[in-house]
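Everything below concerns the one structure shown next.
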Amino acid sequence: MKYSILFDYNGVIANDEHLQFLAFKNIIKNLGLDLSQNLYDKHFLGKTDYEGFLSLANSPVISFPQNSIDALVREKTKLYQKLSGKADILYPGVESILSSLSKVFKLAIITGSSKEELFPVLERNELTQYFQKIITADDITKSKPDPEGYLKGLSLLGTSADKALVIEDSPSGIKAAKSAGIKCIAVLHTTPRNKLAGADKIIASIAKLDEELILSIIEKPRLTT
């Protein structure tokens, strides 16, 4: 297979940001803070759970010891697993799209979610078969917008940046892809269009993905200065 597609997970494959927010909100409430959507977006969206808690701990809105973060992450993971349960949180058409694309491209997931949150959903919906590599928060030291995850994905797939494409839904994810030298399609699942300006292409949903669109982006000549 000549080309590779690297998918973000939350907000691209799984429609679970509301569950992520609710899990964090409940944990943070126990620390004495009512987590707003704005605070969630600022400190947690697009980050690993650990980096999200660390960001909040270093903010002026609340104070809690950094050495408690590992325990908070474990507590949040358990709550997320309970909330997600057997809920259908995949975006419409995901299974058929992945099945189709996996016949043409090498596929990978690059996510800030933990294995404990990710794999139960993938396995329940029989999606692991479509991905050659899956990189989670457990496999990286820096979350998006750092390009570490995408660079590691390229390495594990044996793919160069010019033969790959990222599917993202957030500004931090787009920045990570671009920092890794990879072109990016953004889906309008979670973020307004005006905040996704760094993407090479913006589409309404993952259901709009197809081989023709992907090839048109990957094979489009890069602008030179």
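Here, A, B, ... name the chains of the structure tokens in the order displayed, residue numbers run from 1 inside each chain, and ligands are numbered from 1 in the same displayed order.
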(request) Report as a list in words: the residues of stretch 86-137 of chain A with a DSSP assignment of helix (DSSP H, G or I), based on the backbone of this structure. (result)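 DSSP-assigned helix (DSSP H, G or I) residues in stretch 86-137 of chain A: Val94, Glu95, Ser96, Ile97, Leu98, Ser99, Ser100, Leu101, Lys115, Glu116, Glu117, Leu118, Phe119, Pro120, Val121, Leu122, Glu123, Arg124, Thr128, Gln129, Tyr130 and Ala137 of chain A.
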Can you pull out every residue within 9 Å of stretch 49-61 of chain A, counting only C-alpha atoms, but drop anything in the same chain fewer than 4 positions away, and send it as a CSV table (one decimal) with C-alpha atoms, in the first residue's frame?
chain,number,residue,atom,x,y,z
A,33,LEU,CA,-14.5,23.3,41.0
A,39,LEU,CA,-12.2,25.4,31.0
A,40,TYR,CA,-12.6,21.9,29.6
A,42,LYS,CA,-8.7,25.1,27.4
A,43,HIS,CA,-7.2,22.5,29.6
A,44,PHE,CA,-8.3,19.1,28.4
A,45,LEU,CA,-9.4,19.1,24.8
A,65,PRO,CA,-1.0,18.6,44.2
A,66,GLN,CA,0.7,17.4,41.1
A,69,ILE,CA,-2.7,13.4,39.1
A,70,ASP,CA,-2.0,9.7,38.5
A,72,LEU,CA,-7.1,11.3,39.2
A,73,VAL,CA,-6.4,9.9,35.8
A,76,LYS,CA,-11.5,9.5,35.4
A,77,THR,CA,-10.7,6.4,33.3
A,112,GLY,CA,-4.4,11.0,23.5
A,113,SER,CA,-6.8,8.5,25.0
A,114,SER,CA,-5.6,5.6,27.1
A,137,ALA,CA,-1.4,8.1,25.5
A,142,LYS,CA,4.0,14.6,24.8
A,143,SER,CA,0.4,15.1,23.5
(request) Might you pull out every residue within 9 Å of stretch 198-210 of chain A, with only C-alpha atoms counted and same-chain residues fewer than 2 positions away left off, and present them as JSON, numbers by chain? (result) {"A": [12, 13, 91, 92, 93, 94, 97, 100, 101, 167, 168, 171, 174, 175, 178, 183, 184, 185, 186, 187, 188, 189, 193, 195, 196, 212, 213, 214, 215, 217]}
Dump N, CA, C and O atoms for the selected residues as a short mmCIF file (atom, residue, chain, number, x, y, z; two decimals), in the first residue's frame?
data_model
loop_
_atom_site.label_atom_id
_atom_site.label_comp_id
_atom_site.auth_asym_id
_atom_site.auth_seq_id
_atom_site.Cartn_x
_atom_site.Cartn_y
_atom_site.Cartn_z
N VAL A 12 -13.33 12.17 15.99
CA VAL A 12 -13.20 11.79 14.58
C VAL A 12 -13.87 10.45 14.32
O VAL A 12 -14.74 10.32 13.47
N ILE A 13 -13.48 9.45 15.09
CA ILE A 13 -14.11 8.12 15.00
C ILE A 13 -15.21 7.98 16.04
O ILE A 13 -16.31 7.51 15.75
N TYR A 91 -19.34 7.65 15.10
CA TYR A 91 -20.01 8.51 14.14
C TYR A 91 -20.63 7.65 13.03
O TYR A 91 -20.08 6.59 12.70
N PRO A 92 -21.75 8.07 12.48
CA PRO A 92 -22.42 7.29 11.43
C PRO A 92 -21.49 6.97 10.26
O PRO A 92 -20.78 7.83 9.77
N GLY A 93 -21.51 5.71 9.86
CA GLY A 93 -20.75 5.30 8.68
C GLY A 93 -19.31 4.93 8.94
O GLY A 93 -18.60 4.52 8.01
N VAL A 94 -18.84 5.04 10.19
CA VAL A 94 -17.43 4.80 10.49
C VAL A 94 -16.98 3.40 10.07
O VAL A 94 -15.94 3.23 9.42
N ILE A 97 -16.71 2.94 6.28
CA ILE A 97 -15.63 3.78 5.73
C ILE A 97 -14.27 3.16 6.03
O ILE A 97 -13.41 3.06 5.15
N SER A 100 -13.69 0.07 3.91
CA SER A 100 -13.38 0.40 2.52
C SER A 100 -11.96 0.95 2.38
O SER A 100 -11.19 0.52 1.52
N LEU A 101 -11.60 1.90 3.25
CA LEU A 101 -10.29 2.54 3.14
C LEU A 101 -9.15 1.58 3.47
O LEU A 101 -8.06 1.70 2.92
N ILE A 167 -6.39 12.69 9.70
CA ILE A 167 -7.79 13.10 9.85
C ILE A 167 -7.97 13.59 11.28
O ILE A 167 -7.80 12.83 12.24
N GLU A 168 -8.32 14.87 11.43
CA GLU A 168 -8.38 15.50 12.75
C GLU A 168 -9.68 16.28 12.93
O GLU A 168 -10.45 16.47 11.99
N PRO A 171 -7.88 22.10 16.55
CA PRO A 171 -6.71 22.91 16.19
C PRO A 171 -5.39 22.31 16.65
O PRO A 171 -4.40 22.35 15.92
N ILE A 174 -4.48 19.46 14.31
CA ILE A 174 -4.01 19.96 13.01
C ILE A 174 -2.58 20.46 13.14
O ILE A 174 -1.72 20.18 12.29
N LYS A 175 -2.30 21.19 14.21
CA LYS A 175 -0.94 21.71 14.42
C LYS A 175 0.06 20.57 14.57
O LYS A 175 1.18 20.63 14.04
N LYS A 178 0.70 19.10 11.08
CA LYS A 178 1.52 20.01 10.28
C LYS A 178 2.97 20.04 10.78
O LYS A 178 3.91 20.12 9.98
N LYS A 183 -0.01 16.35 5.60
CA LYS A 183 -1.24 17.05 5.21
C LYS A 183 -2.41 16.56 6.07
O LYS A 183 -2.37 15.45 6.62
N CYS A 184 -3.44 17.39 6.16
CA CYS A 184 -4.51 17.11 7.12
C CYS A 184 -5.89 17.47 6.58
O CYS A 184 -6.07 18.55 6.01
N ILE A 185 -6.83 16.56 6.76
CA ILE A 185 -8.25 16.84 6.55
C ILE A 185 -8.91 16.99 7.92
O ILE A 185 -8.71 16.15 8.80
N ALA A 186 -9.67 18.05 8.11
CA ALA A 186 -10.39 18.26 9.36
C ALA A 186 -11.87 18.01 9.16
O ALA A 186 -12.44 18.38 8.13
N VAL A 187 -12.48 17.36 10.15
CA VAL A 187 -13.92 17.11 10.12
C VAL A 187 -14.61 18.08 11.08
O VAL A 187 -14.09 18.39 12.15
N LEU A 188 -15.79 18.52 10.67
CA LEU A 188 -16.54 19.49 11.48
C LEU A 188 -17.43 18.80 12.51
O LEU A 188 -18.62 19.08 12.62
N HIS A 189 -16.84 17.88 13.27
CA HIS A 189 -17.60 17.16 14.28
C HIS A 189 -17.69 17.93 15.59
O HIS A 189 -18.72 17.90 16.26
N ARG A 193 -15.65 25.79 11.96
CA ARG A 193 -14.81 25.87 10.77
C ARG A 193 -13.70 26.91 10.92
O ARG A 193 -12.56 26.69 10.51
N LYS A 195 -11.94 27.74 13.30
CA LYS A 195 -10.83 27.33 14.14
C LYS A 195 -10.02 26.19 13.52
O LYS A 195 -9.05 25.71 14.13
N LEU A 196 -10.41 25.78 12.32
CA LEU A 196 -9.74 24.67 11.65
C LEU A 196 -9.00 25.13 10.40
O LEU A 196 -8.70 24.33 9.51
N GLU A 212 -11.08 8.90 -3.44
CA GLU A 212 -10.80 9.99 -4.38
C GLU A 212 -10.39 11.27 -3.66
O GLU A 212 -9.42 11.93 -4.04
N LEU A 213 -11.11 11.62 -2.60
CA LEU A 213 -10.79 12.82 -1.84
C LEU A 213 -9.41 12.70 -1.20
O LEU A 213 -8.60 13.64 -1.26
N ILE A 214 -9.13 11.57 -0.60
CA ILE A 214 -7.85 11.36 0.07
C ILE A 214 -6.69 11.49 -0.90
O ILE A 214 -5.71 12.18 -0.64
N LEU A 215 -6.80 10.85 -2.05
CA LEU A 215 -5.73 10.92 -3.04
C LEU A 215 -5.55 12.34 -3.58
O LEU A 215 -4.42 12.77 -3.85
N ILE A 217 -5.83 15.05 -1.97
CA ILE A 217 -5.09 15.86 -1.00
C ILE A 217 -3.64 15.39 -0.91
O ILE A 217 -2.71 16.21 -0.96
#
(message) So that I can check the surroundings of A:Phe131, please list as a PyMOL selection string every protein, DNA and RNA residue that reaches within 10 Å of it, counting only C-alpha atoms and ignoring chain neighbours fewer than 3 positions away.
(response) chain A and resi 5-7+98-99+102+105-109+127-128+134
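Between atom CA of A:Lys115 and atom CA of A:Ile135 there is a distance of 8.7 Å.
Across the model, the gap from atom CA of A:Pro147 to atom CA of A:Lys103 is 26.8 Å.
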Any idea what's packed within 8 Å of A:Leu19, counting only C-alpha atoms, ignoring anything in its chain fewer than 5 positions away? Could you give it as a PDB file with N, CA and C atoms, in the first residue's frame?
ATOM      1  N   TYR A  80     -15.168   7.112  32.877  1.00  0.00           N
ATOM      2  CA  TYR A  80     -15.429   7.117  31.438  1.00  0.00           C
ATOM      3  C   TYR A  80     -15.885   5.731  30.964  1.00  0.00           C
ATOM      4  N   LEU A  83     -19.431   5.327  31.894  1.00  0.00           N
ATOM      5  CA  LEU A  83     -20.331   6.163  31.095  1.00  0.00           C
ATOM      6  C   LEU A  83     -20.484   5.649  29.661  1.00  0.00           C
ATOM      7  N   SER A  84     -19.378   5.190  29.101  1.00  0.00           N
ATOM      8  CA  SER A  84     -19.437   4.724  27.712  1.00  0.00           C
ATOM      9  C   SER A  84     -20.128   3.377  27.616  1.00  0.00           C
TER      10      SER A  84
END
(message) Using only C-alpha atoms, which protein or nucleic acid residues come within 9 Å of A:Asn26? Drop anything in the same chain fewer than 5 positions from it, and give the result as a PyMOL selection string.
(response) chain A and resi 21+34-35+76+79
Selection export as an mmCIF file, in the first residue's frame, atoms kept: C-alpha atoms:
data_model
loop_
_atom_site.group_PDB
_atom_site.id
_atom_site.type_symbol
_atom_site.label_atom_id
_atom_site.label_comp_id
_atom_site.auth_asym_id
_atom_site.auth_seq_id
_atom_site.Cartn_x
_atom_site.Cartn_y
_atom_site.Cartn_z
ATOM 1 C CA PHE A 21 -16.427 16.284 29.483
ATOM 2 C CA ASP A 34 -17.485 23.329 38.614
ATOM 3 C CA LEU A 35 -15.749 22.611 35.306
ATOM 4 C CA LYS A 76 -11.464 9.466 35.423
ATOM 5 C CA LEU A 79 -15.788 6.780 35.219
#
(message) Give me the residues near A:Glu17 as a PyMOL selection string, where near means some atom within 10 Å (using only C-alpha atoms) and where sequence neighbours in that chain fewer than 5 positions away do not count.
(response) chain A and resi 10-11+22-23+45+89+189-190
How would the residues just chosen look if you wrote them out with C-alpha atoms as a PDB file, in the first residue's frame?
ATOM      1  CA  ASN A  10     -11.982  11.280  19.937  1.00  0.00           C
ATOM      2  CA  GLY A  11     -14.124  13.561  17.812  1.00  0.00           C
ATOM      3  CA  LEU A  22     -18.871  14.660  31.896  1.00  0.00           C
ATOM      4  CA  ALA A  23     -16.206  12.364  33.326  1.00  0.00           C
ATOM      5  CA  LEU A  45      -9.406  19.101  24.794  1.00  0.00           C
ATOM      6  CA  ILE A  89     -20.612   6.355  20.262  1.00  0.00           C
ATOM      7  CA  HIS A 189     -17.601  17.164  14.283  1.00  0.00           C
ATOM      8  CA  THR A 190     -16.548  19.167  17.326  1.00  0.00           C
TER       9      THR A 190
END
Please return as a CSV table (one decimal) with all heavy atoms, in the first residue's frame: the residues of chain A that backbone DSSP assigns to strand (DSSP E or B).
chain,number,residue,atom,x,y,z
A,4,SER,N,-0.7,6.1,3.6
A,4,SER,CA,-1.2,5.8,4.9
A,4,SER,C,-2.1,6.9,5.4
A,4,SER,O,-1.9,8.1,5.1
A,4,SER,CB,-0.1,5.7,5.9
A,4,SER,OG,0.8,4.7,5.6
A,5,ILE,N,-3.1,6.6,6.2
A,5,ILE,CA,-4.0,7.5,6.8
A,5,ILE,C,-3.9,7.4,8.3
A,5,ILE,O,-4.1,6.3,8.9
A,5,ILE,CB,-5.5,7.3,6.4
A,5,ILE,CG1,-5.6,7.2,4.9
A,5,ILE,CG2,-6.4,8.5,6.9
A,5,ILE,CD1,-7.0,6.9,4.4
A,6,LEU,N,-3.7,8.5,9.0
A,6,LEU,CA,-3.5,8.5,10.5
A,6,LEU,C,-4.7,9.2,11.1
A,6,LEU,O,-4.9,10.4,10.9
A,6,LEU,CB,-2.2,9.1,10.9
A,6,LEU,CG,-0.9,8.4,10.6
A,6,LEU,CD1,-0.6,8.5,9.1
A,6,LEU,CD2,0.2,9.0,11.4
A,7,PHE,N,-5.6,8.5,11.8
A,7,PHE,CA,-6.8,9.0,12.3
A,7,PHE,C,-6.6,9.4,13.8
A,7,PHE,O,-6.1,8.7,14.6
A,7,PHE,CB,-7.9,8.0,12.3
A,7,PHE,CG,-8.5,7.6,11.0
A,7,PHE,CD1,-7.9,6.7,10.2
A,7,PHE,CD2,-9.6,8.3,10.5
A,7,PHE,CE1,-8.4,6.4,8.9
A,7,PHE,CE2,-10.2,7.9,9.3
A,7,PHE,CZ,-9.5,7.0,8.5
A,10,ASN,N,-10.9,10.5,19.3
A,10,ASN,CA,-12.0,11.3,19.9
A,10,ASN,C,-12.4,12.4,19.0
A,10,ASN,O,-11.6,13.2,18.6
A,10,ASN,CB,-11.6,11.8,21.3
A,10,ASN,CG,-11.0,10.8,22.2
A,10,ASN,OD1,-9.8,10.7,22.4
A,10,ASN,ND2,-11.9,10.0,22.8
A,14,ALA,N,-14.9,8.4,17.3
A,14,ALA,CA,-15.9,8.3,18.4
A,14,ALA,C,-16.5,9.7,18.7
A,14,ALA,O,-15.8,10.6,18.9
A,14,ALA,CB,-15.2,7.7,19.6
A,90,LEU,N,-20.0,5.7,18.0
A,90,LEU,CA,-19.3,5.9,16.7
A,90,LEU,C,-20.1,6.8,15.9
A,90,LEU,O,-21.3,6.8,15.9
A,90,LEU,CB,-19.1,4.5,16.0
A,90,LEU,CG,-18.3,3.4,16.7
A,90,LEU,CD1,-18.2,2.2,15.8
A,90,LEU,CD2,-16.9,3.9,17.1
A,106,LYS,N,-2.9,2.0,4.3
A,106,LYS,CA,-2.5,1.6,5.7
A,106,LYS,C,-3.2,2.6,6.6
A,106,LYS,O,-3.0,3.8,6.5
A,106,LYS,CB,-1.0,1.6,5.8
A,106,LYS,CG,-0.3,0.5,5.0
A,106,LYS,CD,1.2,0.5,5.4
A,106,LYS,CE,2.0,1.6,4.8
A,106,LYS,NZ,3.4,1.5,4.9
A,107,LEU,N,-3.9,2.0,7.7
A,107,LEU,CA,-4.6,2.9,8.6
A,107,LEU,C,-3.9,2.8,10.0
A,107,LEU,O,-3.5,1.7,10.4
A,107,LEU,CB,-6.0,2.5,8.7
A,107,LEU,CG,-6.9,2.4,7.4
A,107,LEU,CD1,-8.3,2.2,7.8
A,107,LEU,CD2,-6.7,3.7,6.6
A,108,ALA,N,-4.0,3.9,10.7
A,108,ALA,CA,-3.5,4.0,12.1
A,108,ALA,C,-4.3,4.9,12.9
A,108,ALA,O,-5.0,5.8,12.3
A,108,ALA,CB,-2.0,4.4,12.2
A,109,ILE,N,-4.4,4.7,14.2
A,109,ILE,CA,-5.0,5.7,15.1
A,109,ILE,C,-3.9,6.3,16.0
A,109,ILE,O,-3.0,5.6,16.5
A,109,ILE,CB,-6.0,5.0,16.1
A,109,ILE,CG1,-7.3,4.6,15.3
A,109,ILE,CG2,-6.4,5.9,17.2
A,109,ILE,CD1,-8.3,3.8,16.2
A,110,ILE,N,-3.9,7.6,16.1
A,110,ILE,CA,-3.0,8.4,16.9
A,110,ILE,C,-3.9,9.2,17.9
A,110,ILE,O,-4.5,10.2,17.5
A,110,ILE,CB,-2.1,9.3,16.1
A,110,ILE,CG1,-1.5,8.6,14.9
A,110,ILE,CG2,-1.0,9.9,17.0
A,110,ILE,CD1,-0.6,7.5,15.2
A,133,LYS,N,-1.6,0.0,13.0
A,133,LYS,CA,-1.0,0.5,14.2
A,133,LYS,C,-1.9,1.4,15.0
A,133,LYS,O,-2.7,2.1,14.4
A,133,LYS,CB,0.3,1.3,13.9
A,133,LYS,CG,1.4,0.6,13.1
A,133,LYS,CD,2.0,-0.5,14.0
A,133,LYS,CE,3.0,-1.3,13.2
A,133,LYS,NZ,3.5,-2.5,14.0
A,134,ILE,N,-1.8,1.3,16.4
A,134,ILE,CA,-2.7,2.1,17.2
A,134,ILE,C,-1.7,2.7,18.3
A,134,ILE,O,-1.1,2.0,19.1
A,134,ILE,CB,-3.8,1.3,17.9
A,134,ILE,CG1,-4.8,0.8,16.8
A,134,ILE,CG2,-4.5,2.2,18.9
A,134,ILE,CD1,-5.9,-0.1,17.3
A,135,ILE,N,-1.6,4.0,18.4
A,135,ILE,CA,-0.8,4.7,19.3
A,135,ILE,C,-1.7,5.5,20.3
A,135,ILE,O,-2.5,6.3,19.8
A,135,ILE,CB,0.2,5.7,18.6
A,135,ILE,CG1,1.2,4.8,17.7
A,135,ILE,CG2,1.0,6.5,19.6
A,135,ILE,CD1,2.1,5.7,16.9
A,164,ALA,N,1.4,10.4,3.5
A,164,ALA,CA,0.4,10.1,4.6
A,164,ALA,C,-0.6,11.3,4.6
A,164,ALA,O,-0.3,12.4,4.1
A,164,ALA,CB,1.2,10.0,5.9
A,165,LEU,N,-1.6,11.0,5.3
A,165,LEU,CA,-2.7,12.0,5.6
A,165,LEU,C,-3.2,11.8,7.0
A,165,LEU,O,-3.5,10.7,7.4
A,165,LEU,CB,-3.8,11.9,4.5
A,165,LEU,CG,-5.0,12.9,4.6
A,165,LEU,CD1,-4.5,14.3,4.2
A,165,LEU,CD2,-6.1,12.4,3.7
A,166,VAL,N,-3.5,12.9,7.6
A,166,VAL,CA,-4.1,12.9,9.0
A,166,VAL,C,-5.5,13.4,8.9
A,166,VAL,O,-5.9,14.3,8.2
A,166,VAL,CB,-3.3,13.8,9.9
A,166,VAL,CG1,-4.1,14.1,11.2
A,166,VAL,CG2,-2.0,13.2,10.3
A,167,ILE,N,-6.4,12.7,9.7
A,167,ILE,CA,-7.8,13.1,9.9
A,167,ILE,C,-8.0,13.6,11.3
A,167,ILE,O,-7.8,12.8,12.2
A,167,ILE,CB,-8.8,11.9,9.6
A,167,ILE,CG1,-8.4,11.2,8.3
A,167,ILE,CG2,-10.2,12.5,9.5
A,167,ILE,CD1,-8.4,12.0,7.0
A,168,GLU,N,-8.3,14.9,11.4
A,168,GLU,CA,-8.4,15.5,12.7
A,168,GLU,C,-9.7,16.3,12.9
A,168,GLU,O,-10.4,16.5,12.0
A,168,GLU,CB,-7.2,16.4,12.9
A,168,GLU,CG,-6.0,15.8,13.6
A,168,GLU,CD,-6.2,15.5,15.1
A,168,GLU,OE1,-7.2,16.0,15.6
A,168,GLU,OE2,-5.3,14.9,15.7
A,183,LYS,N,0.0,16.3,5.6
A,183,LYS,CA,-1.2,17.0,5.2
A,183,LYS,C,-2.4,16.6,6.1
A,183,LYS,O,-2.4,15.5,6.6
A,183,LYS,CB,-1.5,16.8,3.7
A,183,LYS,CG,-0.5,17.5,2.8
A,183,LYS,CD,-0.8,17.2,1.4
A,183,LYS,CE,0.1,17.9,0.4
A,183,LYS,NZ,-0.1,17.5,-1.0
A,184,CYS,N,-3.4,17.4,6.2
A,184,CYS,CA,-4.5,17.1,7.1
A,184,CYS,C,-5.9,17.5,6.6
A,184,CYS,O,-6.1,18.6,6.0
A,184,CYS,CB,-4.2,17.9,8.4
A,184,CYS,SG,-5.5,17.7,9.7
A,185,ILE,N,-6.8,16.6,6.8
A,185,ILE,CA,-8.3,16.8,6.5
A,185,ILE,C,-8.9,17.0,7.9
A,185,ILE,O,-8.7,16.2,8.8
A,185,ILE,CB,-8.9,15.7,5.8
A,185,ILE,CG1,-8.5,15.7,4.3
A,185,ILE,CG2,-10.5,15.9,5.8
A,185,ILE,CD1,-9.1,14.6,3.5
A,186,ALA,N,-9.7,18.0,8.1
A,186,ALA,CA,-10.4,18.3,9.4
A,186,ALA,C,-11.9,18.0,9.2
A,186,ALA,O,-12.4,18.4,8.1
A,186,ALA,CB,-10.2,19.7,9.9
A,187,VAL,N,-12.5,17.4,10.2
A,187,VAL,CA,-13.9,17.1,10.1
A,187,VAL,C,-14.6,18.1,11.1
A,187,VAL,O,-14.1,18.4,12.1
A,187,VAL,CB,-14.3,15.6,10.5
A,187,VAL,CG1,-13.8,14.7,9.4
A,187,VAL,CG2,-13.7,15.3,11.9
A,201,LYS,N,-8.0,20.6,4.0
A,201,LYS,CA,-9.3,20.5,3.6
A,201,LYS,C,-10.2,20.3,4.8
A,201,LYS,O,-9.9,19.6,5.8
A,201,LYS,CB,-9.5,19.2,2.7
A,201,LYS,CG,-10.9,18.9,2.1
A,201,LYS,CD,-11.2,19.9,1.0
A,201,LYS,CE,-12.6,19.5,0.4
A,201,LYS,NZ,-13.0,20.4,-0.7
A,202,ILE,N,-11.4,20.9,4.8
A,202,ILE,CA,-12.4,20.8,5.8
A,202,ILE,C,-13.6,20.1,5.2
A,202,ILE,O,-14.1,20.6,4.2
A,202,ILE,CB,-12.7,22.1,6.5
A,202,ILE,CG1,-11.5,22.8,7.0
A,202,ILE,CG2,-13.8,21.9,7.5
A,202,ILE,CD1,-11.7,24.2,7.5
A,203,ILE,N,-14.1,19.0,5.9
A,203,ILE,CA,-15.3,18.4,5.4
A,203,ILE,C,-16.3,18.3,6.6
A,203,ILE,O,-16.0,18.4,7.7
A,203,ILE,CB,-15.0,16.9,4.9
A,203,ILE,CG1,-14.3,16.1,6.0
A,203,ILE,CG2,-14.1,17.0,3.7
A,203,ILE,CD1,-14.1,14.6,5.5
(message) Restricting the calculation to only C-alpha atoms: of A:Ala180, A:Gly85, A:Pro221, A:Asp41, which residue gets closest to A:Gly149?
(response)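 Among the listed residues, A:Ala180 lies closest to A:Gly149.
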(request) Tell me, in Å to one decimal, how far atom CA of A:Pro120 is from atom CA of A:Ser96. (result) 19.0 Å
(request) Find, counting only C-alpha atoms, the residue in A:Gln20, A:Gln81, A:Ser63, A:Ser160 that gets nearest to A:Val121. (result)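 Result for the nearest residue to A:Val121: A:Gln81.
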